[in-house]
$ cat query-v6.cif   # mmCIF, C-alpha atoms
data_data
#
loop_
_atom_site.group_PDB
_atom_site.id
_atom_site.type_symbol
_atom_site.label_atom_id
_atom_site.label_comp_id
_atom_site.auth_asym_id
_atom_site.auth_seq_id
_atom_site.Cartn_x
_atom_site.Cartn_y
_atom_site.Cartn_z
ATOM 1 C CA MET M 1 -12.133 20.065 -24.482
ATOM 2 C CA ALA M 2 -12.760 18.386 -21.141
ATOM 3 C CA LYS M 3 -10.186 17.809 -18.488
ATOM 4 C CA ILE M 4 -10.140 14.102 -17.677
ATOM 5 C CA LEU M 5 -9.671 13.341 -13.985
ATOM 6 C CA TRP M 6 -8.934 9.618 -13.769
ATOM 7 C CA PHE M 7 -9.505 8.359 -10.209
ATOM 8 C CA THR M 8 -7.671 5.065 -9.738
ATOM 9 C CA GLY M 9 -7.002 2.852 -6.732
ATOM 10 C CA LEU M 10 -8.223 -0.242 -4.951
ATOM 11 C CA SER M 11 -11.861 -1.016 -4.284
ATOM 12 C CA GLY M 12 -13.144 1.025 -1.342
ATOM 13 C CA ALA M 13 -10.304 3.584 -1.402
ATOM 14 C CA GLY M 14 -12.742 6.453 -2.057
ATOM 15 C CA LYS M 15 -12.624 6.988 -5.831
ATOM 16 C CA SER M 16 -16.378 7.266 -6.403
ATOM 17 C CA THR M 17 -16.964 9.220 -3.201
ATOM 18 C CA LEU M 18 -14.325 11.808 -4.116
ATOM 19 C CA ALA M 19 -15.597 12.014 -7.710
ATOM 20 C CA LYS M 20 -19.155 12.734 -6.484
ATOM 21 C CA ILE M 21 -18.008 15.421 -4.049
ATOM 22 C CA LEU M 22 -15.812 16.999 -6.722
ATOM 23 C CA LYS M 23 -18.655 16.912 -9.255
ATOM 24 C CA ASN M 24 -20.893 18.869 -6.863
ATOM 25 C CA ARG M 25 -18.143 21.440 -6.239
ATOM 26 C CA LEU M 26 -17.507 21.884 -9.959
ATOM 27 C CA LEU M 27 -21.225 22.163 -10.737
ATOM 28 C CA ARG M 28 -21.503 24.984 -8.176
ATOM 29 C CA LEU M 29 -18.711 26.719 -10.112
ATOM 30 C CA LYS M 30 -20.902 26.373 -13.251
ATOM 31 C CA PHE M 31 -18.783 23.737 -15.010
ATOM 32 C CA LYS M 32 -20.328 20.962 -17.099
ATOM 33 C CA VAL M 33 -19.315 17.720 -15.402
ATOM 34 C CA LYS M 34 -19.796 14.040 -16.180
ATOM 35 C CA ILE M 35 -18.910 11.096 -13.928
ATOM 36 C CA ILE M 36 -18.065 7.724 -15.391
ATOM 37 C CA ASP M 37 -18.095 5.157 -12.611
ATOM 38 C CA GLY M 38 -16.408 1.843 -13.399
ATOM 39 C CA ASP M 39 -19.074 -0.317 -11.729
ATOM 40 C CA ASN M 40 -21.944 1.477 -13.482
ATOM 41 C CA PHE M 41 -20.126 1.505 -16.826
ATOM 42 C CA ARG M 42 -19.531 -2.243 -16.656
ATOM 43 C CA LYS M 43 -23.200 -2.929 -15.788
ATOM 44 C CA LYS M 44 -24.536 -0.562 -18.449
ATOM 45 C CA ASN M 45 -22.357 -2.145 -21.123
ATOM 46 C CA LYS M 46 -23.157 -5.645 -19.873
ATOM 47 C CA ASN M 47 -19.501 -6.438 -19.293
ATOM 48 C CA ASN M 48 -19.257 -9.519 -17.145
ATOM 49 C CA ASN M 49 -17.589 -9.517 -13.775
ATOM 50 C CA ILE M 50 -14.710 -11.709 -14.873
ATOM 51 C CA PHE M 51 -11.685 -9.676 -13.864
ATOM 52 C CA SER M 52 -9.073 -11.199 -16.146
ATOM 53 C CA LYS M 53 -6.349 -8.958 -17.556
ATOM 54 C CA ILE M 54 -8.002 -9.141 -20.977
ATOM 55 C CA ASN M 55 -11.424 -8.110 -19.604
ATOM 56 C CA ILE M 56 -9.929 -5.305 -17.511
ATOM 57 C CA ILE M 57 -8.038 -3.942 -20.518
ATOM 58 C CA LYS M 58 -11.137 -4.272 -22.717
ATOM 59 C CA ASN M 59 -13.326 -2.461 -20.160
ATOM 60 C CA ASN M 60 -10.781 0.333 -19.601
ATOM 61 C CA LEU M 61 -10.322 0.811 -23.361
ATOM 62 C CA SER M 62 -14.123 1.020 -23.699
ATOM 63 C CA ILE M 63 -14.141 3.758 -21.063
ATOM 64 C CA ILE M 64 -11.354 5.630 -22.886
ATOM 65 C CA ASN M 65 -13.269 5.386 -26.177
ATOM 66 C CA HIS M 66 -16.465 6.586 -24.508
ATOM 67 C CA VAL M 67 -14.623 9.567 -23.002
ATOM 68 C CA LYS M 68 -13.175 10.397 -26.447
ATOM 69 C CA LYS M 69 -16.720 10.528 -27.882
ATOM 70 C CA ILE M 70 -18.175 12.808 -25.202
ATOM 71 C CA ARG M 71 -15.255 15.001 -24.160
ATOM 72 C CA LYS M 72 -16.325 18.015 -26.237
ATOM 73 C CA LYS M 73 -19.626 18.232 -24.323
ATOM 74 C CA TYR M 74 -18.081 18.744 -20.877
ATOM 75 C CA ASP M 75 -15.553 20.834 -18.990
ATOM 76 C CA PHE M 76 -14.642 17.903 -16.720
ATOM 77 C CA ILE M 77 -15.058 14.161 -17.034
ATOM 78 C CA LEU M 78 -14.410 12.320 -13.782
ATOM 79 C CA VAL M 79 -13.547 8.667 -14.358
ATOM 80 C CA SER M 80 -13.717 6.499 -11.258
ATOM 81 C CA VAL M 81 -12.381 3.011 -11.982
ATOM 82 C CA ILE M 82 -9.845 0.696 -10.332
ATOM 83 C CA SER M 83 -7.868 0.456 -13.611
ATOM 84 C CA PRO M 84 -5.054 -1.534 -11.997
ATOM 85 C CA LEU M 85 -2.934 -1.875 -15.119
ATOM 86 C CA LEU M 86 -0.411 0.780 -16.066
ATOM 87 C CA LYS M 87 -0.950 -0.105 -19.717
ATOM 88 C CA THR M 88 -4.493 1.272 -19.881
ATOM 89 C CA ARG M 89 -3.814 4.338 -17.747
ATOM 90 C CA ASN M 90 -0.829 5.094 -19.953
ATOM 91 C CA ILE M 91 -3.050 4.844 -23.046
ATOM 92 C CA ALA M 92 -5.466 7.325 -21.435
ATOM 93 C CA ARG M 93 -2.598 9.642 -20.489
ATOM 94 C CA ILE M 94 -1.245 9.626 -24.067
ATOM 95 C CA GLU M 95 -4.718 9.983 -25.625
ATOM 96 C CA PHE M 96 -5.805 12.943 -23.477
ATOM 97 C CA GLY M 97 -2.393 14.603 -23.090
ATOM 98 C CA LYS M 98 -2.279 17.737 -20.978
ATOM 99 C CA ASN M 99 -5.994 17.329 -20.183
ATOM 100 C CA TYR M 100 -5.362 14.040 -18.358
ATOM 101 C CA PHE M 101 -4.951 14.110 -14.585
ATOM 102 C CA GLU M 102 -4.411 10.807 -12.845
ATOM 103 C CA ILE M 103 -5.554 10.759 -9.258
ATOM 104 C CA TYR M 104 -4.222 7.824 -7.271
ATOM 105 C CA VAL M 105 -6.575 7.251 -4.348
ATOM 106 C CA LYS M 106 -4.313 5.451 -1.913
ATOM 107 C CA CYS M 107 -5.446 3.549 1.155
ATOM 108 C CA LYS M 108 -4.041 0.814 3.392
ATOM 109 C CA ILE M 109 -5.552 -2.662 3.090
ATOM 110 C CA LYS M 110 -6.400 -2.657 6.836
ATOM 111 C CA THR M 111 -8.493 0.490 6.349
ATOM 112 C CA LEU M 112 -10.159 -0.982 3.257
ATOM 113 C CA GLU M 113 -11.058 -4.095 5.266
ATOM 114 C CA LYS M 114 -12.617 -1.893 7.965
ATOM 115 C CA ARG M 115 -14.562 0.281 5.488
ATOM 116 C CA ASP M 116 -15.630 -2.600 3.224
ATOM 117 C CA THR M 117 -18.839 -0.877 2.099
ATOM 118 C CA LYS M 118 -19.458 -3.524 -0.590
ATOM 119 C CA LYS M 119 -18.395 -6.419 1.694
ATOM 120 C CA LEU M 120 -15.830 -7.446 -0.943
ATOM 121 C CA TYR M 121 -12.918 -7.820 1.473
ATOM 122 C CA ALA M 122 -14.989 -9.984 3.826
ATOM 123 C CA LYS M 123 -15.946 -12.222 0.885
ATOM 124 C CA ALA M 124 -12.325 -12.330 -0.305
ATOM 125 C CA LYS M 125 -11.176 -13.365 3.198
ATOM 126 C CA LYS M 126 -13.643 -16.269 3.055
ATOM 127 C CA ASN M 127 -12.529 -17.124 -0.510
ATOM 128 C CA ILE M 128 -16.004 -16.381 -1.861
ATOM 129 C CA ILE M 129 -14.306 -13.819 -4.110
ATOM 130 C CA LYS M 130 -11.044 -15.110 -5.498
ATOM 131 C CA ASN M 131 -10.010 -12.153 -7.605
ATOM 132 C CA LEU M 132 -10.193 -8.945 -5.572
ATOM 133 C CA ILE M 133 -7.527 -6.759 -7.144
ATOM 134 C CA GLY M 134 -4.720 -5.841 -4.784
ATOM 135 C CA TYR M 135 -5.917 -8.368 -2.221
ATOM 136 C CA ASN M 136 -6.237 -11.965 -3.397
ATOM 137 C CA SER M 137 -5.947 -11.600 -7.152
ATOM 138 C CA TYR M 138 -3.102 -12.573 -9.419
ATOM 139 C CA ILE M 139 -3.581 -9.113 -10.913
ATOM 140 C CA LYS M 140 -1.575 -6.604 -8.914
ATOM 141 C CA TYR M 141 -2.324 -2.894 -8.799
ATOM 142 C CA GLU M 142 0.467 -1.154 -10.725
ATOM 143 C CA ILE M 143 1.378 2.318 -9.453
ATOM 144 C CA SER M 144 2.142 4.897 -12.141
ATOM 145 C CA LYS M 145 5.681 6.199 -12.365
ATOM 146 C CA TYR M 146 4.655 9.361 -14.202
ATOM 147 C CA LYS M 147 3.267 12.502 -12.583
ATOM 148 C CA LYS M 148 0.024 11.951 -10.729
ATOM 149 C CA ILE M 149 -1.982 13.427 -7.888
ATOM 150 C CA THR M 150 -1.932 11.157 -4.845
ATOM 151 C CA VAL M 151 -4.539 11.451 -2.141
ATOM 152 C CA ASN M 152 -4.098 9.145 0.818
ATOM 153 C CA THR M 153 -7.567 8.627 2.230
ATOM 154 C CA ASP M 154 -6.031 6.968 5.294
ATOM 155 C CA LYS M 155 -4.431 10.239 6.268
ATOM 156 C CA ILE M 156 -6.395 13.152 4.816
ATOM 157 C CA SER M 157 -10.100 13.958 4.849
ATOM 158 C CA LYS M 158 -12.390 13.980 1.843
ATOM 159 C CA ILE M 159 -12.455 17.780 1.898
ATOM 160 C CA LYS M 160 -8.629 18.065 2.017
ATOM 161 C CA SER M 161 -8.430 15.509 -0.799
ATOM 162 C CA ILE M 162 -10.841 17.547 -2.937
ATOM 163 C CA GLU M 163 -8.936 20.764 -2.209
ATOM 164 C CA LYS M 164 -5.673 19.098 -3.285
ATOM 165 C CA ILE M 165 -7.263 17.816 -6.501
ATOM 166 C CA MET M 166 -8.855 21.175 -7.333
ATOM 167 C CA LYS M 167 -5.625 23.051 -6.676
ATOM 168 C CA ARG M 168 -3.789 20.818 -9.163
ATOM 169 C CA THR M 169 -6.494 20.679 -11.845
ATOM 170 C CA LEU M 170 -7.972 24.180 -11.796
ATOM 171 C CA LYS M 171 -5.862 27.181 -12.699
ATOM 172 C CA ASN M 172 -7.339 30.483 -11.550
ATOM 173 C CA GLY M 173 -10.746 28.820 -11.452
ATOM 174 C CA GLU M 174 -10.765 28.250 -15.198
ATOM 175 C CA ASN M 175 -10.768 25.178 -17.353
#
$ encode --input "query-v6.cif" --output "structure tokens"
Amino acid sequence: MAKILWFTGLSGAGKSTLAKILKNRLLRLKFKVKIIDGDNFRKKNKNNNIFSKINIIKNNLSIINHVKKIRKKYDFILVSVISPLLKTRNIARIEFGKNYFEIYVKCKIKTLEKRDTKKLYAKAKKNIIKNLIGYNSYIKYEISKYKKITVNTDKISKIKSIEKIMKRTLKNGEN
């Protein structure tokens, strides 16, 4: 049964980047790995880009259900999605139990504005985007109170972040 590494955090914090680096590391160790990226999942399933609480919950529950269907095929499933609501992350945590590892990819807003690879923060500043989670949205990012792995991409490198994640999710190099 796959270990589910659920990368969560604001847009641009480094979730997808870390998931891709980790996937390559795990593949070199001969693990079967699948990445589920929130943006790609939403496009593939033709979910609209309306980021209401209902749509976010629906999308996150779809991801959880997809992971449930494929988890026997992989050693690791890396889910990279903002998932701002505690409710859906808690459902994933309960569903996957000891195989669920939540990775909070933390980053200051000022750094996110500087990185802004998708130009979302620039558009939000100009009010072109009126619902950027954690920035100008009525939907706030809710930090989990239960045990999680936190990587602060403001303060530690990608490599140090990956090492921290691997140390917490791999025991003696085994799944």
$ atom_distance --input "query-v6.cif" --atom1 "CA of Ile139 (chain M)" --atom2 "CA of Ile36 (chain M)"
22.7 Å
$ closest_residue --input "query-v6.cif" --among "M:Val79, M:Ile4, M:Leu26, M:Ile56" --to "Gly38 (chain M)" --atoms "only C-alpha atoms"
M:Val79
$ residues_around --input "query-v6.cif" --residues "Glu163 (chain M)" --least-positions-apart "2" --cutoff "12 Å" --atoms "only C-alpha atoms" --output "PyMOL selection string"
chain M and resi 18+21-22+25-26+149+151+156-161+165-170
$ atom_distance --input "query-v6.cif" --atom1 "CA of Lys164 (chain M)" --atom2 "CA of Lys3 (chain M)"
15.9 Å
$ axis_aligned_box --input "query-v6.cif" --around "region 72-89 of chain M" --padding-each-side "6 Å" --output "lines of an AutoDock Vina configuration file"
center_x = -10.0
center_y = 9.5
center_z = -18.3
size_x = 31.2
size_y = 34.7
size_z = 27.9
$ closest_residue --input "query-v6.cif" --among "M:Ala13, M:Ser83, M:Asn40, M:Val67" --to "Asn55 (chain M)" --atoms "all atoms listed in the file"
M:Ser83
$ resolve_selection --input "query-v6.cif" --expression "the PyMOL selection byres ((chain M and resi 105) around 12)" --output "ChimeraX atom specification"
/M:5-19,80-84,102-104,106-108,112,141,143-144,148-158,161-162,164-165
$ residues_around --input "query-v6.cif" --residues "Ser62 (chain M)" --least-positions-apart "4" --cutoff "10 Å" --atoms "all atoms listed in the file" --output "PDB file with C-alpha atoms, in the coordinates of the input"
ATOM      1  CA  PHE M  41     -20.126   1.505 -16.826  1.00  0.00           C
ATOM      2  CA  ARG M  42     -19.531  -2.243 -16.656  1.00  0.00           C
ATOM      3  CA  ASN M  45     -22.357  -2.145 -21.123  1.00  0.00           C
ATOM      4  CA  ILE M  56      -9.929  -5.305 -17.511  1.00  0.00           C
ATOM      5  CA  ILE M  57      -8.038  -3.942 -20.518  1.00  0.00           C
ATOM      6  CA  LYS M  58     -11.137  -4.272 -22.717  1.00  0.00           C
ATOM      7  CA  HIS M  66     -16.465   6.586 -24.508  1.00  0.00           C
ATOM      8  CA  VAL M  67     -14.623   9.567 -23.002  1.00  0.00           C
ATOM      9  CA  LYS M  68     -13.175  10.397 -26.447  1.00  0.00           C
TER      10      LYS M  68
END
$ atom_distance --input "query-v6.cif" --atom1 "CA of Ile35 (chain M)" --atom2 "CA of Ile77 (chain M)"
5.8 Å
$ residues_around --input "query-v6.cif" --residues "Lys130 (chain M)" --least-positions-apart "3" --cutoff "12 Å" --atoms "only C-alpha atoms" --output "VMD selection string"
chain M and resid 49 to 52 120 to 127 133 to 139
$ resolve_selection --input "query-v6.cif" --expression "the PyMOL selection byres ((chain M and resi 99) around 10)" --output "list in words"
Met1, Ala2, Lys3, Ile4, Leu5, Phe76, Arg93, Ile94, Glu95, Phe96, Gly97, Lys98, Tyr100, Phe101, Glu102, Thr169 and Asn175 of chain M
$ closest_residue --input "query-v6.cif" --among "M:Lys43, M:Lys171, M:Lys53, M:Lys72" --to "Lys140 (chain M)" --atoms "only C-alpha atoms"
M:Lys53
$ closest_residue --input "query-v6.cif" --among "M:Leu61, M:Ile128, M:Ile70, M:Leu78" --to "Lys23 (chain M)" --atoms "all atoms listed in the file"
M:Leu78
$ decode --input "query-v6.cif" --residues "region 113-137 of chain M" --atoms "N, CA, C and O atoms" --output "PDB file, in the first residue's frame"
ATOM      1  N   GLU M 113       5.403  36.582  -3.774  1.00  0.00           N
ATOM      2  CA  GLU M 113       5.237  37.683  -4.732  1.00  0.00           C
ATOM      3  C   GLU M 113       6.478  37.829  -5.609  1.00  0.00           C
ATOM      4  O   GLU M 113       6.371  38.119  -6.805  1.00  0.00           O
ATOM      5  N   LYS M 114       7.655  37.615  -5.033  1.00  0.00           N
ATOM      6  CA  LYS M 114       8.897  37.713  -5.814  1.00  0.00           C
ATOM      7  C   LYS M 114       9.022  36.553  -6.795  1.00  0.00           C
ATOM      8  O   LYS M 114       9.411  36.743  -7.944  1.00  0.00           O
ATOM      9  N   ARG M 115       8.730  35.328  -6.320  1.00  0.00           N
ATOM     10  CA  ARG M 115       8.828  34.144  -7.194  1.00  0.00           C
ATOM     11  C   ARG M 115       7.804  34.231  -8.313  1.00  0.00           C
ATOM     12  O   ARG M 115       8.156  34.149  -9.478  1.00  0.00           O
ATOM     13  N   ASP M 116       6.567  34.283  -7.965  1.00  0.00           N
ATOM     14  CA  ASP M 116       5.394  34.445  -8.831  1.00  0.00           C
ATOM     15  C   ASP M 116       5.561  33.844 -10.227  1.00  0.00           C
ATOM     16  O   ASP M 116       5.334  34.512 -11.242  1.00  0.00           O
ATOM     17  N   THR M 117       5.932  32.582 -10.285  1.00  0.00           N
ATOM     18  CA  THR M 117       6.182  31.908 -11.566  1.00  0.00           C
ATOM     19  C   THR M 117       4.954  31.895 -12.473  1.00  0.00           C
ATOM     20  O   THR M 117       5.097  31.947 -13.693  1.00  0.00           O
ATOM     21  N   LYS M 118       3.767  31.852 -11.899  1.00  0.00           N
ATOM     22  CA  LYS M 118       2.533  31.828 -12.706  1.00  0.00           C
ATOM     23  C   LYS M 118       1.916  33.222 -12.860  1.00  0.00           C
ATOM     24  O   LYS M 118       0.847  33.357 -13.432  1.00  0.00           O
ATOM     25  N   LYS M 119       2.575  34.233 -12.303  1.00  0.00           N
ATOM     26  CA  LYS M 119       2.099  35.624 -12.342  1.00  0.00           C
ATOM     27  C   LYS M 119       0.739  35.799 -11.654  1.00  0.00           C
ATOM     28  O   LYS M 119      -0.007  36.735 -11.949  1.00  0.00           O
ATOM     29  N   LEU M 120       0.414  34.907 -10.731  1.00  0.00           N
ATOM     30  CA  LEU M 120      -0.866  34.978 -10.023  1.00  0.00           C
ATOM     31  C   LEU M 120      -0.909  36.122  -9.019  1.00  0.00           C
ATOM     32  O   LEU M 120      -1.928  36.801  -8.886  1.00  0.00           O
ATOM     33  N   TYR M 121       0.204  36.340  -8.316  1.00  0.00           N
ATOM     34  CA  TYR M 121       0.234  37.396  -7.303  1.00  0.00           C
ATOM     35  C   TYR M 121       0.186  38.780  -7.956  1.00  0.00           C
ATOM     36  O   TYR M 121      -0.479  39.681  -7.452  1.00  0.00           O
ATOM     37  N   ALA M 122       0.837  38.919  -9.103  1.00  0.00           N
ATOM     38  CA  ALA M 122       0.779  40.188  -9.837  1.00  0.00           C
ATOM     39  C   ALA M 122      -0.654  40.468 -10.283  1.00  0.00           C
ATOM     40  O   ALA M 122      -1.149  41.592 -10.161  1.00  0.00           O
ATOM     41  N   LYS M 123      -1.334  39.431 -10.781  1.00  0.00           N
ATOM     42  CA  LYS M 123      -2.732  39.589 -11.213  1.00  0.00           C
ATOM     43  C   LYS M 123      -3.638  39.871 -10.019  1.00  0.00           C
ATOM     44  O   LYS M 123      -4.578  40.665 -10.137  1.00  0.00           O
ATOM     45  N   ALA M 124      -3.358  39.236  -8.888  1.00  0.00           N
ATOM     46  CA  ALA M 124      -4.173  39.465  -7.686  1.00  0.00           C
ATOM     47  C   ALA M 124      -3.986  40.892  -7.187  1.00  0.00           C
ATOM     48  O   ALA M 124      -4.953  41.538  -6.756  1.00  0.00           O
ATOM     49  N   LYS M 125      -2.753  41.405  -7.258  1.00  0.00           N
ATOM     50  CA  LYS M 125      -2.482  42.797  -6.849  1.00  0.00           C
ATOM     51  C   LYS M 125      -3.284  43.786  -7.684  1.00  0.00           C
ATOM     52  O   LYS M 125      -3.732  44.816  -7.183  1.00  0.00           O
ATOM     53  N   LYS M 126      -3.452  43.457  -8.972  1.00  0.00           N
ATOM     54  CA  LYS M 126      -4.195  44.331  -9.890  1.00  0.00           C
ATOM     55  C   LYS M 126      -5.691  44.020  -9.895  1.00  0.00           C
ATOM     56  O   LYS M 126      -6.428  44.568 -10.705  1.00  0.00           O
ATOM     57  N   ASN M 127      -6.115  43.096  -9.032  1.00  0.00           N
ATOM     58  CA  ASN M 127      -7.517  42.679  -8.934  1.00  0.00           C
ATOM     59  C   ASN M 127      -8.035  41.963 -10.184  1.00  0.00           C
ATOM     60  O   ASN M 127      -9.236  41.891 -10.404  1.00  0.00           O
ATOM     61  N   ILE M 128      -7.123  41.445 -10.991  1.00  0.00           N
ATOM     62  CA  ILE M 128      -7.516  40.635 -12.139  1.00  0.00           C
ATOM     63  C   ILE M 128      -7.984  39.280 -11.618  1.00  0.00           C
ATOM     64  O   ILE M 128      -8.947  38.715 -12.104  1.00  0.00           O
ATOM     65  N   ILE M 129      -7.266  38.781 -10.611  1.00  0.00           N
ATOM     66  CA  ILE M 129      -7.665  37.569  -9.884  1.00  0.00           C
ATOM     67  C   ILE M 129      -8.184  38.043  -8.536  1.00  0.00           C
ATOM     68  O   ILE M 129      -7.494  38.755  -7.823  1.00  0.00           O
ATOM     69  N   LYS M 130      -9.385  37.617  -8.214  1.00  0.00           N
ATOM     70  CA  LYS M 130      -9.996  38.085  -6.963  1.00  0.00           C
ATOM     71  C   LYS M 130     -10.140  36.976  -5.933  1.00  0.00           C
ATOM     72  O   LYS M 130     -10.840  37.142  -4.937  1.00  0.00           O
ATOM     73  N   ASN M 131      -9.503  35.848  -6.186  1.00  0.00           N
ATOM     74  CA  ASN M 131      -9.685  34.724  -5.272  1.00  0.00           C
ATOM     75  C   ASN M 131      -8.418  33.897  -5.073  1.00  0.00           C
ATOM     76  O   ASN M 131      -8.487  32.684  -4.998  1.00  0.00           O
ATOM     77  N   LEU M 132      -7.281  34.544  -4.985  1.00  0.00           N
ATOM     78  CA  LEU M 132      -6.024  33.820  -4.779  1.00  0.00           C
ATOM     79  C   LEU M 132      -5.921  33.440  -3.303  1.00  0.00           C
ATOM     80  O   LEU M 132      -5.793  34.304  -2.433  1.00  0.00           O
ATOM     81  N   ILE M 133      -6.013  32.169  -3.045  1.00  0.00           N
ATOM     82  CA  ILE M 133      -6.069  31.650  -1.673  1.00  0.00           C
ATOM     83  C   ILE M 133      -4.868  32.110  -0.864  1.00  0.00           C
ATOM     84  O   ILE M 133      -3.733  32.020  -1.305  1.00  0.00           O
ATOM     85  N   GLY M 134      -5.168  32.627   0.325  1.00  0.00           N
ATOM     86  CA  GLY M 134      -4.127  33.100   1.229  1.00  0.00           C
ATOM     87  C   GLY M 134      -3.654  34.506   0.912  1.00  0.00           C
ATOM     88  O   GLY M 134      -2.785  35.043   1.589  1.00  0.00           O
ATOM     89  N   TYR M 135      -4.235  35.109  -0.117  1.00  0.00           N
ATOM     90  CA  TYR M 135      -3.796  36.441  -0.535  1.00  0.00           C
ATOM     91  C   TYR M 135      -4.970  37.420  -0.576  1.00  0.00           C
ATOM     92  O   TYR M 135      -5.054  38.299   0.244  1.00  0.00           O
ATOM     93  N   ASN M 136      -5.868  37.223  -1.528  1.00  0.00           N
ATOM     94  CA  ASN M 136      -7.024  38.122  -1.618  1.00  0.00           C
ATOM     95  C   ASN M 136      -8.339  37.345  -1.737  1.00  0.00           C
ATOM     96  O   ASN M 136      -9.281  37.790  -2.353  1.00  0.00           O
ATOM     97  N   SER M 137      -8.368  36.189  -1.139  1.00  0.00           N
ATOM     98  CA  SER M 137      -9.549  35.336  -1.194  1.00  0.00           C
ATOM     99  C   SER M 137     -10.244  35.321   0.165  1.00  0.00           C
ATOM    100  O   SER M 137      -9.596  35.455   1.200  1.00  0.00           O
TER     101      SER M 137
END
